[in-house]
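Just coords-v7.cif here, mmCIF, C-alpha atoms:
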```cif
data_protein
loop_
_atom_site.label_atom_id
_atom_site.label_comp_id
_atom_site.auth_asym_id
_atom_site.auth_seq_id
_atom_site.Cartn_x
_atom_site.Cartn_y
_atom_site.Cartn_z
CA MET I 151 85.06 86.28 103.68
CA LEU I 152 87.90 84.49 101.93
CA LYS I 153 85.94 81.22 101.89
CA LEU I 154 82.54 82.86 101.50
CA CYS I 155 83.27 84.99 98.51
CA PHE I 156 80.30 83.99 96.41
CA ALA I 157 77.72 84.38 99.16
CA ILE I 158 78.32 88.09 99.71
CA LEU I 159 77.12 91.39 98.37
CA PHE I 160 75.44 90.08 95.24
CA GLY I 161 73.03 92.97 94.91
CA ALA I 162 75.92 95.36 94.55
CA VAL I 163 77.84 92.98 92.32
CA ILE I 164 75.03 92.50 89.85
CA ALA I 165 74.47 96.24 89.69
CA ALA I 166 78.10 96.66 88.65
CA SER I 167 77.83 94.34 85.64
CA PRO I 168 78.46 95.99 82.26
CA ALA I 169 75.45 96.53 80.02
CA HIS I 170 77.01 94.59 77.17
CA ALA I 171 79.28 91.84 78.39
CA ALA I 172 82.37 90.86 76.45
CA ARG I 173 82.24 87.33 75.08
CA CYS I 174 83.67 84.89 77.59
CA GLY I 175 85.86 81.91 76.81
CA GLY I 176 88.00 81.56 73.71
CA ASP I 177 91.30 83.38 73.31
CA PHE I 178 92.16 85.23 76.51
CA ASN I 179 93.88 88.15 74.78
CA THR I 180 90.85 88.68 72.56
CA PHE I 181 88.70 88.76 75.66
CA VAL I 182 91.00 91.28 77.36
CA ALA I 183 90.77 93.53 74.29
CA ALA I 184 86.98 93.35 74.44
CA ILE I 185 86.76 94.05 78.16
CA SER I 186 89.18 96.94 77.67
CA GLN I 187 86.63 98.47 75.30
CA GLU I 188 83.89 97.92 77.88
CA ALA I 189 86.01 99.64 80.52
CA ALA I 190 86.64 102.61 78.25
CA ALA I 191 82.91 102.88 77.58
CA ALA I 192 82.37 102.89 81.35
CA GLY I 193 84.66 105.89 81.71
CA VAL I 194 87.98 104.27 82.61
CA SER I 195 90.92 106.10 81.07
CA GLN I 196 93.14 104.46 78.48
CA GLY I 197 96.09 105.05 80.78
CA VAL I 198 94.59 103.01 83.59
CA ILE I 199 93.37 100.32 81.19
CA SER I 200 96.83 99.97 79.67
CA GLN I 201 98.57 100.00 83.04
CA ALA I 202 96.26 97.36 84.52
CA LEU I 203 95.53 95.04 81.61
CA SER I 204 98.60 95.18 79.40
CA GLY I 205 100.20 91.75 79.53
CA VAL I 206 97.70 90.34 82.05
CA THR I 207 97.52 86.54 82.03
CA GLN I 208 95.12 83.94 83.38
CA ASP I 209 95.70 82.47 86.82
CA PRO I 210 94.97 78.72 86.93
CA ALA I 211 95.07 78.75 90.74
CA VAL I 212 92.09 81.12 90.82
CA LEU I 213 90.03 78.80 88.63
CA ALA I 214 91.06 75.77 90.67
CA PHE I 215 90.02 77.49 93.89
CA ASP I 216 86.71 78.54 92.38
CA ARG I 217 85.94 74.98 91.30
CA ARG I 218 86.40 73.82 94.89
CA GLN I 219 83.87 76.28 96.28
CA ARG I 220 80.46 75.01 97.31
CA GLY I 221 78.86 78.22 98.58
CA THR I 222 77.27 76.43 101.54
CA PHE I 223 78.34 75.33 104.99
CA ASN I 224 78.36 71.71 106.00
CA LYS I 225 79.00 72.35 109.71
CA THR I 226 76.54 73.05 112.48
CA PHE I 227 76.57 76.54 113.95
CA GLU I 228 78.25 75.20 117.08
CA GLN I 229 80.97 73.52 115.05
CA TYR I 230 81.54 76.56 112.87
CA VAL I 231 81.53 79.20 115.59
CA SER I 232 84.00 77.20 117.67
CA THR I 233 86.55 77.53 114.85
CA ARG I 234 86.00 81.28 114.37
CA VAL I 235 85.33 82.80 117.79
CA GLY I 236 87.80 81.61 120.40
CA PRO I 237 89.10 83.22 123.59
CA GLY I 238 92.08 84.81 121.85
CA ARG I 239 89.97 86.51 119.19
CA ILE I 240 87.45 87.68 121.79
CA LYS I 241 90.28 89.15 123.92
CA MET I 242 91.77 90.94 120.92
CA GLY I 243 88.35 92.20 119.86
CA ARG I 244 87.75 93.74 123.28
CA GLN I 245 91.14 95.42 123.04
CA MET I 246 90.16 96.85 119.65
CA LEU I 247 86.90 98.18 121.11
CA LEU I 248 88.91 100.07 123.72
CA LYS I 249 91.68 101.20 121.39
CA HIS I 250 89.28 102.60 118.82
CA ALA I 251 86.48 103.63 121.19
CA SER I 252 86.37 107.26 120.06
CA LEU I 253 86.44 106.35 116.36
CA LEU I 254 83.76 103.67 116.79
CA SER I 255 81.57 106.10 118.72
CA ARG I 256 81.71 108.61 115.87
CA ILE I 257 80.92 105.87 113.37
CA GLU I 258 77.97 104.65 115.43
CA LYS I 259 76.63 108.20 115.71
CA GLN I 260 76.79 108.64 111.93
CA TYR I 261 75.71 105.18 110.72
CA GLY I 262 73.81 103.66 113.63
CA VAL I 263 75.80 100.42 113.78
CA PRO I 264 77.09 99.37 117.22
CA PRO I 265 80.84 99.03 117.71
CA GLU I 266 80.64 95.35 118.63
CA ILE I 267 79.08 94.45 115.26
CA ILE I 268 81.73 96.37 113.32
CA VAL I 269 84.61 94.91 115.35
CA ALA I 270 83.13 91.39 115.08
CA ILE I 271 83.10 91.63 111.29
CA TRP I 272 86.60 93.10 111.28
CA GLY I 273 87.85 90.23 113.42
CA LEU I 274 86.18 87.51 111.39
CA GLU I 275 87.38 88.89 108.08
CA SER I 276 91.04 89.65 108.81
CA ASP I 277 91.82 89.32 112.53
CA PHE I 278 91.46 93.10 112.86
CA GLY I 279 93.69 93.79 109.86
CA LYS I 280 96.53 91.66 111.17
CA GLY I 281 95.56 88.42 109.38
CA ASP I 282 95.18 87.24 105.82
CA VAL I 283 93.73 89.88 103.50
CA GLY I 284 94.80 88.00 100.38
CA LYS I 285 97.90 87.91 98.24
CA MET I 286 96.42 87.78 94.74
CA PRO I 287 96.69 90.60 92.16
CA VAL I 288 93.08 91.74 91.98
CA VAL I 289 93.05 92.65 88.29
CA ARG I 290 94.54 89.31 87.23
CA THR I 291 92.13 87.43 89.50
CA LEU I 292 89.08 89.25 88.17
CA ALA I 293 90.19 89.02 84.55
CA THR I 294 90.57 85.27 85.00
CA MET I 295 87.11 84.93 86.54
CA ALA I 296 85.52 87.25 83.99
CA HIS I 297 86.92 85.20 81.11
CA ASP I 298 85.47 82.05 82.65
CA CYS I 299 81.91 81.58 81.40
CA ARG I 300 80.27 80.54 84.66
CA ARG I 301 79.70 84.09 86.04
CA THR I 302 81.25 86.26 83.38
CA GLU I 303 78.95 89.30 83.65
CA LEU I 304 79.31 89.40 87.43
CA PHE I 305 83.10 89.40 87.31
CA GLN I 306 83.32 91.71 84.30
CA GLY I 307 81.48 94.22 86.46
CA GLU I 308 83.90 93.61 89.30
CA LEU I 309 86.90 94.02 86.99
CA ILE I 310 85.66 97.37 85.72
CA ALA I 311 84.94 98.47 89.31
CA ALA I 312 88.53 97.52 90.24
CA LEU I 313 89.85 99.70 87.43
CA LYS I 314 87.71 102.57 88.71
CA ILE I 315 89.26 102.19 92.18
CA VAL I 316 92.67 102.75 90.57
CA GLN I 317 91.37 105.62 88.46
CA ARG I 318 89.86 107.38 91.48
CA GLY I 319 93.26 107.22 93.16
CA ASP I 320 91.99 105.23 96.15
CA LEU I 321 94.66 102.55 95.70
CA PRO I 322 97.58 102.35 93.28
CA LEU I 323 97.71 99.28 91.10
CA ARG I 324 100.53 97.82 93.22
CA ASP I 325 98.18 97.85 96.23
CA MET I 326 95.33 96.13 94.37
CA ILE I 327 96.00 92.86 96.16
CA GLY I 328 93.20 90.66 97.46
CA ALA I 329 91.62 87.25 97.82
CA PHE I 330 90.57 84.55 95.39
CA ALA I 331 87.49 86.40 94.12
CA GLY I 332 89.04 89.87 94.11
CA GLU I 333 87.98 90.91 97.63
CA ILE I 334 90.01 93.84 98.92
CA GLY I 335 91.01 95.11 102.32
CA GLN I 336 90.58 94.46 106.01
CA THR I 337 86.88 93.62 105.75
CA GLN I 338 87.10 92.08 102.28
CA PHE I 339 85.01 94.30 99.99
CA LEU I 340 84.44 93.27 96.41
CA PRO I 341 85.38 96.16 94.11
CA SER I 342 81.77 97.09 93.29
CA SER I 343 81.02 97.35 97.01
CA TYR I 344 84.23 99.33 97.52
CA ILE I 345 82.85 101.85 95.03
CA LYS I 346 79.30 101.79 96.39
CA TYR I 347 79.90 101.79 100.14
CA GLY I 348 83.46 103.00 100.65
CA VAL I 349 83.86 106.02 102.94
CA ASP I 350 86.81 108.40 103.27
CA PHE I 351 86.44 108.67 107.04
CA ASP I 352 89.99 109.82 107.74
CA GLY I 353 89.48 112.76 105.38
CA ASN I 354 92.59 112.32 103.24
CA GLY I 355 90.70 112.33 99.94
CA HIS I 356 90.94 108.58 99.30
CA VAL I 357 88.99 105.49 100.33
CA ASP I 358 91.71 103.12 101.51
CA LEU I 359 90.28 99.83 102.75
CA ARG I 360 93.69 98.18 103.01
CA HIS I 361 95.53 100.56 105.31
CA SER I 362 93.16 103.11 106.88
CA VAL I 363 91.33 101.78 109.94
CA PRO I 364 88.86 104.71 109.96
CA ASP I 365 87.97 104.06 106.31
CA VAL I 366 87.69 100.30 106.91
CA LEU I 367 85.39 100.54 109.92
CA ALA I 368 83.23 103.37 108.59
CA SER I 369 82.79 101.69 105.22
CA THR I 370 81.73 98.47 106.94
CA ALA I 371 79.17 100.40 108.96
CA ASN I 372 77.99 102.30 105.89
CA LEU I 373 77.28 99.05 104.04
CA LEU I 374 75.07 97.86 106.88
CA HIS I 375 73.43 101.28 107.26
CA VAL I 376 72.52 101.49 103.58
CA SER I 377 71.21 97.92 103.80
CA GLY I 378 68.71 98.93 106.47
CA PHE I 379 70.46 98.28 109.79
CA LYS I 380 68.43 100.03 112.51
CA PRO I 381 70.18 101.74 115.46
CA GLY I 382 69.48 100.27 118.87
CA ALA I 383 67.51 97.32 117.53
CA PRO I 384 68.41 93.64 118.14
CA TYR I 385 70.38 91.77 115.51
CA SER I 386 69.62 88.15 116.42
CA GLU I 387 68.26 85.67 113.90
CA GLY I 388 64.78 86.62 112.69
CA THR I 389 65.14 90.36 113.28
CA PRO I 390 65.21 93.07 110.59
CA ASN I 391 68.85 93.81 111.45
CA PHE I 392 69.76 90.16 110.93
CA GLU I 393 68.18 90.47 107.49
CA ALA I 394 70.08 93.72 106.86
CA MET I 395 73.33 91.81 107.46
CA ARG I 396 72.36 89.59 104.53
CA GLU I 397 73.93 92.22 102.30
CA TRP I 398 77.18 91.44 104.08
CA ASN I 399 76.80 87.69 103.78
CA ARG I 400 73.84 85.61 102.70
CA ALA I 401 74.83 82.60 104.80
CA THR I 402 72.70 82.38 107.93
CA ILE I 403 75.45 80.61 109.87
CA TYR I 404 77.89 83.43 109.17
CA ARG I 405 75.45 86.13 110.27
CA LYS I 406 74.72 84.17 113.44
CA THR I 407 78.47 84.04 114.04
CA ILE I 408 78.72 87.83 113.67
CA GLY I 409 75.96 88.22 116.23
CA TYR I 410 77.47 85.70 118.62
CA PHE I 411 80.90 87.34 118.40
CA ALA I 412 79.38 90.79 118.91
CA ASP I 413 77.57 89.56 122.02
CA GLN I 414 80.81 88.14 123.40
CA LEU I 415 82.59 91.43 122.79
CA ALA I 416 79.81 93.34 124.55
CA GLY I 417 79.84 90.91 127.48
CA ARG I 418 76.33 89.62 126.86
#
```
Here is a file; write its structure as structure tokens.
Amino acid sequence: MLKLCFAILFGAVIAASPAHAARCGGDFNTFVAAISQEAAAAGVSQGVISQALSGVTQDPAVLAFDRRQRGTFNKTFEQYVSTRVGPGRIKMGRQMLLKHASLLSRIEKQYGVPPEIIVAIWGLESDFGKGDVGKMPVVRTLATMAHDCRRTELFQGELIAALKIVQRGDLPLRDMIGAFAGEIGQTQFLPSSYIKYGVDFDGNGHVDLRHSVPDVLASTANLLHVSGFKPGAPYSEGTPNFEAMREWNRATIYRKTIGYFADQLAGR
């Protein structure tokens, strides 16, 4: 969702917002000091706060990218899907279905989401973990967006959630690398959703959405499951499952693309 970052997961994002937002704008260092207090009040240790926020600076490229976003699609479905679901991606997706068949079967049994939906999302978001998952330091990105006054409470919540990911030991700070709105991992979870929906499916004690395929795929299924996705039911436009995918992405055209890709993977 690198280009769809403000159309996704807003219920979870808003829930992550701090009760008393730090004042946005003005001197950046003053803002960082204030958000550090908010993080401490939310239970983040001083060690993590210092490690993550000491010396952090604004990133003008993040603000420039944000200003270019429109949050809507100006292509028809046919135009859009032709750029996202080609023969090569379908072929690779079918290979992933076979390679991870046992894992996907266990995930479907637990969360009720069919393998083709999970693999379709995985392919669209990061080419099955082999594509672009972002190169931006998540804490710097989120601090920059939180300081900006357009959606400060939203991104303050995301920043504190990112610090909690580090504190839980899921990812070290050096691995907190993501996209232009702080999305992390192979299916591009915002930090609040990482906290809310992340699953340690490989059983190693950590939720690792950058490197662990079991965690990535199970967490993706868990998000849809919690959002009301019904096992065995259709997911085409107008169905309850299509509405459940709204928690993944609010854009109708994107959800239609997930469904189309899933159908191609399943040979329908």
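The shortest atom-to-atom distance to I:Lys380, with only C-alpha atoms taken into account, belongs to I:Val263 out of I:Ala189, I:Val366, I:Ile408, I:Val263.
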Please write the residues picked by the PyMOL selection byres ((chain I and resi 285) around 6) on this file as a PyMOL selection string. chain I and resi 284+286+327-328
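Restricting the calculation to only C-alpha atoms, the smallest distance between I:Ser377 and any of I:Gly262, I:Gly353, I:Gly409, I:Gly319 is found for I:Gly262.
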Among listed residues I:Pro364, I:Ile240, I:Ile268, I:His297, nearest I:Ala184 (using only C-alpha atoms): I:His297
I:Gly273 proximity check over I:Tyr344, I:Phe330, I:Tyr404, I:Phe411, using only C-alpha atoms: winner is I:Phe411
Using all atoms listed in the file, find each residue of stretch 324-368 of chain I with at least one atom at most 12 Å away from an atom of stretch 194-213 of chain I; report its shortest atom-to-atom pair and that distance in Å (one decimal), sort the rows by chain and rising residue number, and return the result as CSV.
```
residue,atom,partner,partner_atom,distance
I:Arg324,CA,I:Ala202,CA,9.7
I:Asp325,CA,I:Ala202,CA,11.9
I:Met326,CA,I:Ala202,CA,10.0
I:Gly328,CA,I:Val212,CA,11.7
I:Ala329,CA,I:Val212,CA,9.3
I:Phe330,CA,I:Val212,CA,5.9
I:Ala331,CA,I:Val212,CA,7.7
I:Gly332,CA,I:Val212,CA,9.8
```
Those residues with C-alpha atoms, as a short mmCIF file (atom, residue, chain, number, x, y, z; two decimals), in the frame of the given file please?
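And here's result-v5.cif as it stands now:
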```cif
data_model
loop_
_atom_site.label_atom_id
_atom_site.label_comp_id
_atom_site.auth_asym_id
_atom_site.auth_seq_id
_atom_site.Cartn_x
_atom_site.Cartn_y
_atom_site.Cartn_z
CA ARG I 324 100.53 97.82 93.22
CA ASP I 325 98.18 97.85 96.23
CA MET I 326 95.33 96.13 94.37
CA GLY I 328 93.20 90.66 97.46
CA ALA I 329 91.62 87.25 97.82
CA PHE I 330 90.57 84.55 95.39
CA ALA I 331 87.49 86.40 94.12
CA GLY I 332 89.04 89.87 94.11
#
```
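Under the PyMOL selection byres ((chain I and resi 192) around 12), the matching residues in the shown file are Ala166, Ser167, Pro168, Ala169, His170, Ala171, Ile185, Ser186, Gln187, Glu188, Ala189, Ala190, Ala191, Gly193, Val194, Ser195, Gln196, Ile199, Gln306, Gly307, Leu309, Ile310, Ala311, Leu313, Lys314 and Gln317 of chain I.
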For this file, the PyMOL selection byres ((chain I and resi 365) around 8) selects which residues, as a PyMOL selection string? chain I and resi 348-352+357-359+362-364+366-369
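For the pair atom CA of I:Asp282 and atom CA of I:Val269, the separation is 16.2 Å.
For the pair atom CA of I:Phe379 and atom CA of I:Gln260, the separation is 12.3 Å.
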Which residues come within 8 Å of I:Arg360, counting only C-alpha atoms, excluding same-chain residues fewer than 3 positions away, as an MDAnalysis selection string? chainID I and resid 334:336 366
Using only C-alpha atoms, please write the residues we just selected to a file, as a PDB file, in the frame of the given file.
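Heads up, here's the output in again_28.pdb:
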```
ATOM      1  CA  ILE I 334      90.010  93.840  98.920  1.00  0.00           C
ATOM      2  CA  GLY I 335      91.010  95.110 102.320  1.00  0.00           C
ATOM      3  CA  GLN I 336      90.580  94.460 106.010  1.00  0.00           C
ATOM      4  CA  VAL I 366      87.690 100.300 106.910  1.00  0.00           C
TER       5      VAL I 366
END
```
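The space separating atom CA of I:Pro341 from atom CA of I:Val316 comes to 10.4 Å.
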Quick one: residues within 9 Å of I:Val376, all atoms listed in the file, excluding same-chain residues fewer than 2 positions away - as an MDAnalysis selection string? chainID I and resid 261 347 371:374 378:379 394
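For the residues I:Met242, I:Ile257, I:Leu292, I:Ile271, ranking by smallest atom-to-atom distance to I:Thr337 using all atoms listed in the file places I:Ile271 first.
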Pick from I:Pro390, I:Trp398, I:Ala383, I:Met246 nearest to I:Lys280, counting all atoms listed in the file: I:Met246
